[in-house]
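Structure record follows, encoded as structure tokens.
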Amino acid sequence: MENAFAERLVAWQRDHGRHDLPWQVDDPYRVWLSEIMLQQTQVATVLDYYARFLARFPSVETLAEAPVDDVLAAWSGLGYYSRARNLHKAAKRVMDVYGGAFPQARSELETLPGIGRSTAAAIAAFAFGEREAILDGNVKRVLTRAFGIAGFPGEKAVEKKLWALAERLLPETGIQAYTQGQMDLGATVCTRGRPACIVCPMVDGCVAAREGRTGELPTPRPKKTVPTRDTVMLMLTWQDKVWLERRPPSGIWGGLLSLPEFAGSGAAEDWACSLGNVDVDIAWPELEHVFTHYRLIITPLPARLREGSANLVRDGGGDWWPLAEALDAGLPAPVKRLLGRLAPRA
DNA sequence: AAGACGGGGGA
DNA sequence: TCCCCAGTCTT
């Protein structure tokens, strides 16, 4: 083999990789089962389930003949239960279409339910020695770091680049050791949190190690657009005072003074008007406040109490605050902004 | 308390 | 074709 990457990896796998995993056997059924279990689950967790599952369903035939509920029961606790349903479907297909013998080609394995490109390649390589590239989370981490590939690997263009690279790096021989080596290196050395670059066989050419970027690579998934919540804040004034309420000690703005909130302007108006002679203004333009986990859209609704029950009560309590005093108290930033706009006319 | 994980299925 | 989701574990 002429590429140093594969050469080093295979040598490392021989000396430091894992050789005693129960699915490192010459049996496509066991290889397949392990690859499905390992899809979203780590080795340590899989070991137990794998042994029990195999005891209950020792062959693709017994699996195919079992009721799907039994399969799900054996899977119970592993999560992602569609994996178990697909496993059962695939077992039936292997029996019906292939007479119980797994197909050998990656392309054909890929047609079975629950088997995508990477899983198909892993089965083809481990069970049949086919020269196929895998691209699971471990490989993505190793490749993005070693070659300094930025951009979220789930993104189409980045993933395409990684697949091309993975195929280019494939050795001519020793596909099992090479494939296992990538998985082992990613799982035990090139880990997400604190990669052990000091013992890594690839550290010499590694872009991330050289440039101190192991913390940035692989590029994390872009933050989900945070959900949006809407609230109406009633800016109720009486003489030169504003009605404020103390927020609960925990949660957002815990313990701060804030304006009373309502789900809609209707609810806010209803409450305000129940207090007596109240003028409700037209709502002010919406105010957006961004938290780490959601966006809050605030509709400020100004209202003035002319006369009536100034000793009003709302659950959670509240008080009339002279505007100047309120502005000095602990207030959420957007509430302070709102009260600031109120001040000139108070 | 949030992100990782591979494939399926819906848009 | 692309994007979002799922269920458990790890950090």
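We name chains A, B, ... following the order of the structure tokens; residues begin at 1 in each chain, and ligands are numbered from 1 as shown.
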
Picked from segment 11-214 of chain A by DSSP as alpha helix (DSSP H), as JSON, numbers by chain: {"A": [11, 12, 13, 14, 15, 16, 28, 29, 30, 31, 32, 33, 34, 35, 36, 37, 43, 44, 45, 46, 47, 48, 49, 50, 51, 52, 53, 54, 55, 56, 60, 61, 62, 63, 64, 65, 68, 69, 70, 71, 72, 73, 74, 75, 82, 83, 84, 85, 86, 87, 88, 89, 90, 91, 92, 93, 94, 95, 96, 97, 98, 106, 107, 108, 109, 117, 118, 119, 120, 121, 122, 123, 124, 125, 126, 127, 128, 137, 138, 139, 140, 141, 142, 143, 144, 145, 146, 156, 157, 158, 159, 160, 161, 162, 163, 164, 165, 166, 167, 168, 169, 175, 176, 177, 178, 179, 180, 181, 182, 183, 184, 185, 186, 187, 188, 207, 208, 209, 210, 211]}

Next, write the just-selected residues to a file, as a CSV table (one decimal), in the first residue's frame, keeping C-alpha atoms as the atom set.
```csv
chain,number,residue,atom,x,y,z
A,11,ALA,CA,0.2,-0.9,12.1
A,12,TRP,CA,-1.4,0.9,15.0
A,13,GLN,CA,-4.5,-1.4,14.9
A,14,ARG,CA,-2.3,-4.4,15.0
A,15,ASP,CA,-0.5,-3.3,18.2
A,16,HIS,CA,-3.1,-1.1,20.0
A,28,PRO,CA,-22.1,-12.0,8.3
A,29,TYR,CA,-25.1,-12.3,10.6
A,30,ARG,CA,-23.0,-11.4,13.7
A,31,VAL,CA,-21.2,-8.6,11.9
A,32,TRP,CA,-24.5,-7.2,10.6
A,33,LEU,CA,-26.2,-7.4,14.1
A,34,SER,CA,-23.2,-5.6,15.7
A,35,GLU,CA,-23.1,-2.9,13.1
A,36,ILE,CA,-26.8,-2.1,13.5
A,37,MET,CA,-26.5,-2.1,17.3
A,43,VAL,CA,-19.5,-0.4,22.3
A,44,ALA,CA,-19.7,-0.7,26.1
A,45,THR,CA,-23.5,-0.6,26.0
A,46,VAL,CA,-23.8,-2.9,23.0
A,47,LEU,CA,-21.8,-5.7,24.5
A,48,ASP,CA,-24.5,-6.8,26.9
A,49,TYR,CA,-27.4,-6.5,24.5
A,50,TYR,CA,-25.4,-8.2,21.8
A,51,ALA,CA,-24.8,-11.3,23.9
A,52,ARG,CA,-28.4,-11.6,25.0
A,53,PHE,CA,-29.8,-10.9,21.6
A,54,LEU,CA,-27.5,-13.6,20.0
A,55,ALA,CA,-28.5,-16.1,22.7
A,56,ARG,CA,-32.2,-15.5,21.9
A,60,VAL,CA,-30.7,-15.0,10.7
A,61,GLU,CA,-33.2,-17.8,10.4
A,62,THR,CA,-34.3,-17.7,14.0
A,63,LEU,CA,-34.6,-14.0,13.8
A,64,ALA,CA,-36.7,-14.0,10.7
A,65,GLU,CA,-39.1,-16.5,12.2
A,68,VAL,CA,-41.5,-8.8,15.8
A,69,ASP,CA,-42.6,-8.2,19.4
A,70,ASP,CA,-40.0,-10.7,20.6
A,71,VAL,CA,-37.3,-8.8,18.6
A,72,LEU,CA,-38.4,-5.5,20.1
A,73,ALA,CA,-38.4,-7.0,23.6
A,74,ALA,CA,-34.8,-8.1,23.1
A,75,TRP,CA,-34.0,-4.6,21.9
A,82,SER,CA,-36.9,1.4,14.2
A,83,ARG,CA,-33.5,-0.3,14.1
A,84,ALA,CA,-35.1,-3.4,15.6
A,85,ARG,CA,-38.1,-3.4,13.2
A,86,ASN,CA,-35.7,-2.9,10.2
A,87,LEU,CA,-33.5,-5.7,11.6
A,88,HIS,CA,-36.4,-8.0,11.6
A,89,LYS,CA,-37.6,-7.0,8.1
A,90,ALA,CA,-34.1,-7.4,6.8
A,91,ALA,CA,-33.8,-10.9,8.3
A,92,LYS,CA,-36.9,-11.9,6.5
A,93,ARG,CA,-35.6,-10.5,3.3
A,94,VAL,CA,-32.3,-12.3,3.6
A,95,MET,CA,-34.2,-15.6,4.1
A,96,ASP,CA,-36.7,-15.0,1.3
A,97,VAL,CA,-34.6,-13.3,-1.3
A,98,TYR,CA,-31.1,-14.7,-0.6
A,106,ARG,CA,-22.0,-3.2,-0.5
A,107,SER,CA,-24.5,-2.0,-3.1
A,108,GLU,CA,-26.8,-5.0,-2.5
A,109,LEU,CA,-26.4,-4.8,1.3
A,117,ARG,CA,-24.0,3.3,2.8
A,118,SER,CA,-21.6,3.3,5.8
A,119,THR,CA,-23.1,0.3,7.5
A,120,ALA,CA,-23.2,-1.6,4.2
A,121,ALA,CA,-19.5,-0.8,3.7
A,122,ALA,CA,-18.6,-2.0,7.2
A,123,ILE,CA,-20.4,-5.3,6.8
A,124,ALA,CA,-18.9,-5.8,3.3
A,125,ALA,CA,-15.5,-5.1,4.6
A,126,PHE,CA,-15.6,-7.0,7.9
A,127,ALA,CA,-17.6,-10.0,6.7
A,128,PHE,CA,-16.4,-10.3,3.1
A,137,GLY,CA,-18.8,9.4,13.4
A,138,ASN,CA,-15.4,8.1,14.4
A,139,VAL,CA,-14.1,8.4,10.8
A,140,LYS,CA,-15.5,11.8,10.4
A,141,ARG,CA,-13.7,13.0,13.5
A,142,VAL,CA,-10.4,11.4,12.5
A,143,LEU,CA,-10.5,12.7,8.9
A,144,THR,CA,-11.7,16.3,9.7
A,145,ARG,CA,-8.9,16.6,12.2
A,146,ALA,CA,-6.1,14.9,10.3
A,156,LYS,CA,-24.0,17.9,2.0
A,157,ALA,CA,-20.8,19.4,0.5
A,158,VAL,CA,-18.6,18.5,3.5
A,159,GLU,CA,-19.9,15.0,3.6
A,160,LYS,CA,-19.2,14.6,-0.1
A,161,LYS,CA,-15.7,15.7,0.4
A,162,LEU,CA,-15.2,13.3,3.3
A,163,TRP,CA,-16.6,10.3,1.3
A,164,ALA,CA,-14.2,11.1,-1.5
A,165,LEU,CA,-11.3,11.4,1.0
A,166,ALA,CA,-12.3,8.1,2.7
A,167,GLU,CA,-12.3,6.3,-0.6
A,168,ARG,CA,-9.0,7.8,-1.7
A,169,LEU,CA,-7.3,6.6,1.5
A,175,ILE,CA,-9.3,-3.8,4.7
A,176,GLN,CA,-10.5,-5.3,7.9
A,177,ALA,CA,-7.6,-4.0,10.0
A,178,TYR,CA,-7.8,-0.6,8.4
A,179,THR,CA,-11.6,-0.4,8.9
A,180,GLN,CA,-11.4,-1.5,12.5
A,181,GLY,CA,-8.4,0.8,13.0
A,182,GLN,CA,-10.4,3.8,12.1
A,183,MET,CA,-13.2,2.9,14.5
A,184,ASP,CA,-10.7,2.1,17.3
A,185,LEU,CA,-8.7,5.2,16.8
A,186,GLY,CA,-11.7,7.4,16.9
A,187,ALA,CA,-13.1,5.6,19.9
A,188,THR,CA,-10.0,5.4,22.0
A,207,VAL,CA,-3.6,19.4,10.7
A,208,ALA,CA,-5.7,19.8,13.9
A,209,ALA,CA,-2.9,18.7,16.2
A,210,ARG,CA,-0.4,21.0,14.5
A,211,GLU,CA,-2.6,24.0,14.6
```

Residues of segment 146-237 of chain A that have any atom at most 12 Å from an atom of chain B: could you tabulate them with the shortest-distance atom pair and the distance in Å to one decimal, using only C-alpha atoms (C1' of nucleotides), ordered by chain and increasing number, as CSV?
```
residue,atom,partner,partner_atom,distance
A:Gly154,CA,B:DG6,C1',10.8
A:Thr191,CA,B:DA4,C1',11.8
A:Arg192,CA,B:DA4,C1',9.5
A:Gly193,CA,B:DA4,C1',11.7
A:Pro218,CA,B:DA4,C1',11.7
A:Pro220,CA,B:DG3,C1',8.9
A:Arg221,CA,B:DG3,C1',8.8
A:Pro222,CA,B:DG3,C1',11.1
A:Lys223,CA,B:DG3,C1',10.3
A:Lys224,CA,B:DG3,C1',11.5
```

Could you turn the residues from that selection into a file that holds N, CA and C atoms, as a CSV table (one decimal), in the first residue's frame?
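See out36.csv below for the written result:
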```
chain,number,residue,atom,x,y,z
A,154,GLY,N,-22.3,17.0,8.6
A,154,GLY,CA,-23.6,16.6,8.2
A,154,GLY,C,-24.1,17.4,7.0
A,191,THR,N,-10.6,11.1,20.4
A,191,THR,CA,-12.0,11.2,21.0
A,191,THR,C,-12.4,12.7,20.9
A,192,ARG,N,-13.7,12.8,21.1
A,192,ARG,CA,-14.3,14.1,21.0
A,192,ARG,C,-13.7,15.1,22.0
A,193,GLY,N,-13.7,14.7,23.3
A,193,GLY,CA,-13.4,15.7,24.3
A,193,GLY,C,-11.9,16.0,24.4
A,218,PRO,N,-14.2,18.0,14.6
A,218,PRO,CA,-15.1,18.5,13.5
A,218,PRO,C,-16.0,19.7,13.9
A,220,PRO,N,-18.9,21.7,14.8
A,220,PRO,CA,-20.2,21.3,15.4
A,220,PRO,C,-21.4,21.6,14.6
A,221,ARG,N,-22.4,20.9,14.8
A,221,ARG,CA,-23.7,21.1,14.1
A,221,ARG,C,-24.1,22.6,14.4
A,222,PRO,N,-24.6,23.3,13.3
A,222,PRO,CA,-25.1,24.6,13.6
A,222,PRO,C,-26.2,24.6,14.6
A,223,LYS,N,-26.2,25.6,15.4
A,223,LYS,CA,-27.3,25.7,16.4
A,223,LYS,C,-28.6,25.7,15.8
A,224,LYS,N,-29.5,24.9,16.3
A,224,LYS,CA,-30.9,24.9,15.8
A,224,LYS,C,-31.4,26.3,15.9
```

Based on only C-alpha atoms (C1' of nucleotides), which of the residues in chain A come within 8 Å of chain B? I want them as a ChimeraX atom specification. /A:39-41,114-116,136-137

Contact residues (chain C, partner chain A, 8 Å, only C-alpha atoms (C1' of nucleotides)) as a PyMOL selection string: chain C and resi 6-9+11

Please identify all polymer residues within 12 Å of Val278 of chain A, counting only C-alpha atoms (C1' of nucleotides), omitting same-chain residues fewer than 4 positions from it, and present them as a tab-separated table (two decimals) with N, CA, C and O atoms, in the first residue's frame.
```
chain	number	residue	atom	x	y	z
A	235	MET	N	-48.09	47.17	30.46
A	235	MET	CA	-47.40	48.30	31.12
A	235	MET	C	-48.47	49.16	31.78
A	235	MET	O	-48.86	50.20	31.25
A	236	LEU	N	-48.91	48.71	32.93
A	236	LEU	CA	-50.01	49.38	33.62
A	236	LEU	C	-49.49	50.46	34.56
A	236	LEU	O	-48.70	50.18	35.46
A	237	THR	N	-49.93	51.69	34.32
A	237	THR	CA	-49.47	52.81	35.17
A	237	THR	C	-50.64	53.41	35.93
A	237	THR	O	-51.80	53.33	35.52
A	238	TRP	N	-50.30	54.01	37.03
A	238	TRP	CA	-51.29	54.69	37.88
A	238	TRP	C	-50.56	55.87	38.51
A	238	TRP	O	-49.54	55.67	39.18
A	268	ALA	N	-54.79	40.30	28.51
A	268	ALA	CA	-54.22	41.45	29.22
A	268	ALA	C	-55.27	42.54	29.40
A	268	ALA	O	-55.42	43.10	30.49
A	269	GLU	N	-56.01	42.82	28.33
A	269	GLU	CA	-57.05	43.85	28.40
A	269	GLU	C	-58.15	43.46	29.39
A	269	GLU	O	-58.61	44.29	30.16
A	270	ASP	N	-58.54	42.20	29.34
A	270	ASP	CA	-59.60	41.74	30.23
A	270	ASP	C	-59.22	41.99	31.69
A	270	ASP	O	-60.02	42.48	32.48
A	271	TRP	N	-57.97	41.61	32.00
A	271	TRP	CA	-57.55	41.79	33.39
A	271	TRP	C	-57.49	43.27	33.75
A	271	TRP	O	-58.01	43.70	34.78
A	272	ALA	N	-56.90	44.07	32.88
A	272	ALA	CA	-56.76	45.51	33.15
A	272	ALA	C	-58.12	46.16	33.35
A	272	ALA	O	-58.33	46.94	34.29
A	273	CYS	N	-59.07	45.83	32.48
A	273	CYS	CA	-60.37	46.47	32.54
A	273	CYS	C	-61.19	46.04	33.75
A	273	CYS	O	-62.12	46.73	34.17
A	274	SER	N	-60.83	44.87	34.32
A	274	SER	CA	-61.54	44.40	35.50
A	274	SER	C	-61.18	45.23	36.72
A	274	SER	O	-61.78	45.08	37.79
A	302	PRO	N	-49.44	49.25	26.70
A	302	PRO	CA	-49.54	50.30	27.72
A	302	PRO	C	-50.99	50.52	28.13
A	302	PRO	O	-51.89	50.49	27.29
A	303	ALA	N	-51.21	50.76	29.40
A	303	ALA	CA	-52.55	51.03	29.91
A	303	ALA	C	-52.43	51.94	31.14
A	303	ALA	O	-51.43	51.90	31.84
A	304	ARG	N	-53.45	52.76	31.35
A	304	ARG	CA	-53.40	53.69	32.48
A	304	ARG	C	-54.65	53.51	33.33
A	304	ARG	O	-55.76	53.50	32.81
A	305	LEU	N	-54.41	53.37	34.63
A	305	LEU	CA	-55.53	53.25	35.57
A	305	LEU	C	-55.95	54.66	35.99
A	305	LEU	O	-55.16	55.40	36.58
A	306	ARG	N	-57.19	55.06	35.63
A	306	ARG	CA	-57.68	56.40	35.99
A	306	ARG	C	-58.14	56.41	37.45
A	306	ARG	O	-57.73	57.20	38.27
A	307	GLU	N	-59.05	55.51	37.71
A	307	GLU	CA	-59.51	55.37	39.08
A	307	GLU	C	-60.05	53.96	39.26
A	307	GLU	O	-60.36	53.30	38.28
A	308	GLY	N	-60.12	53.51	40.47
A	308	GLY	CA	-60.61	52.15	40.73
A	308	GLY	C	-59.77	51.49	41.79
A	308	GLY	O	-59.16	52.16	42.62
A	309	SER	N	-59.73	50.17	41.74
A	309	SER	CA	-59.06	49.43	42.81
A	309	SER	C	-57.55	49.46	42.64
A	309	SER	O	-56.98	48.61	41.99
A	310	ALA	N	-56.96	50.47	43.22
A	310	ALA	CA	-55.51	50.59	43.14
A	310	ALA	C	-54.81	49.51	43.97
A	310	ALA	O	-53.63	49.26	43.80
```
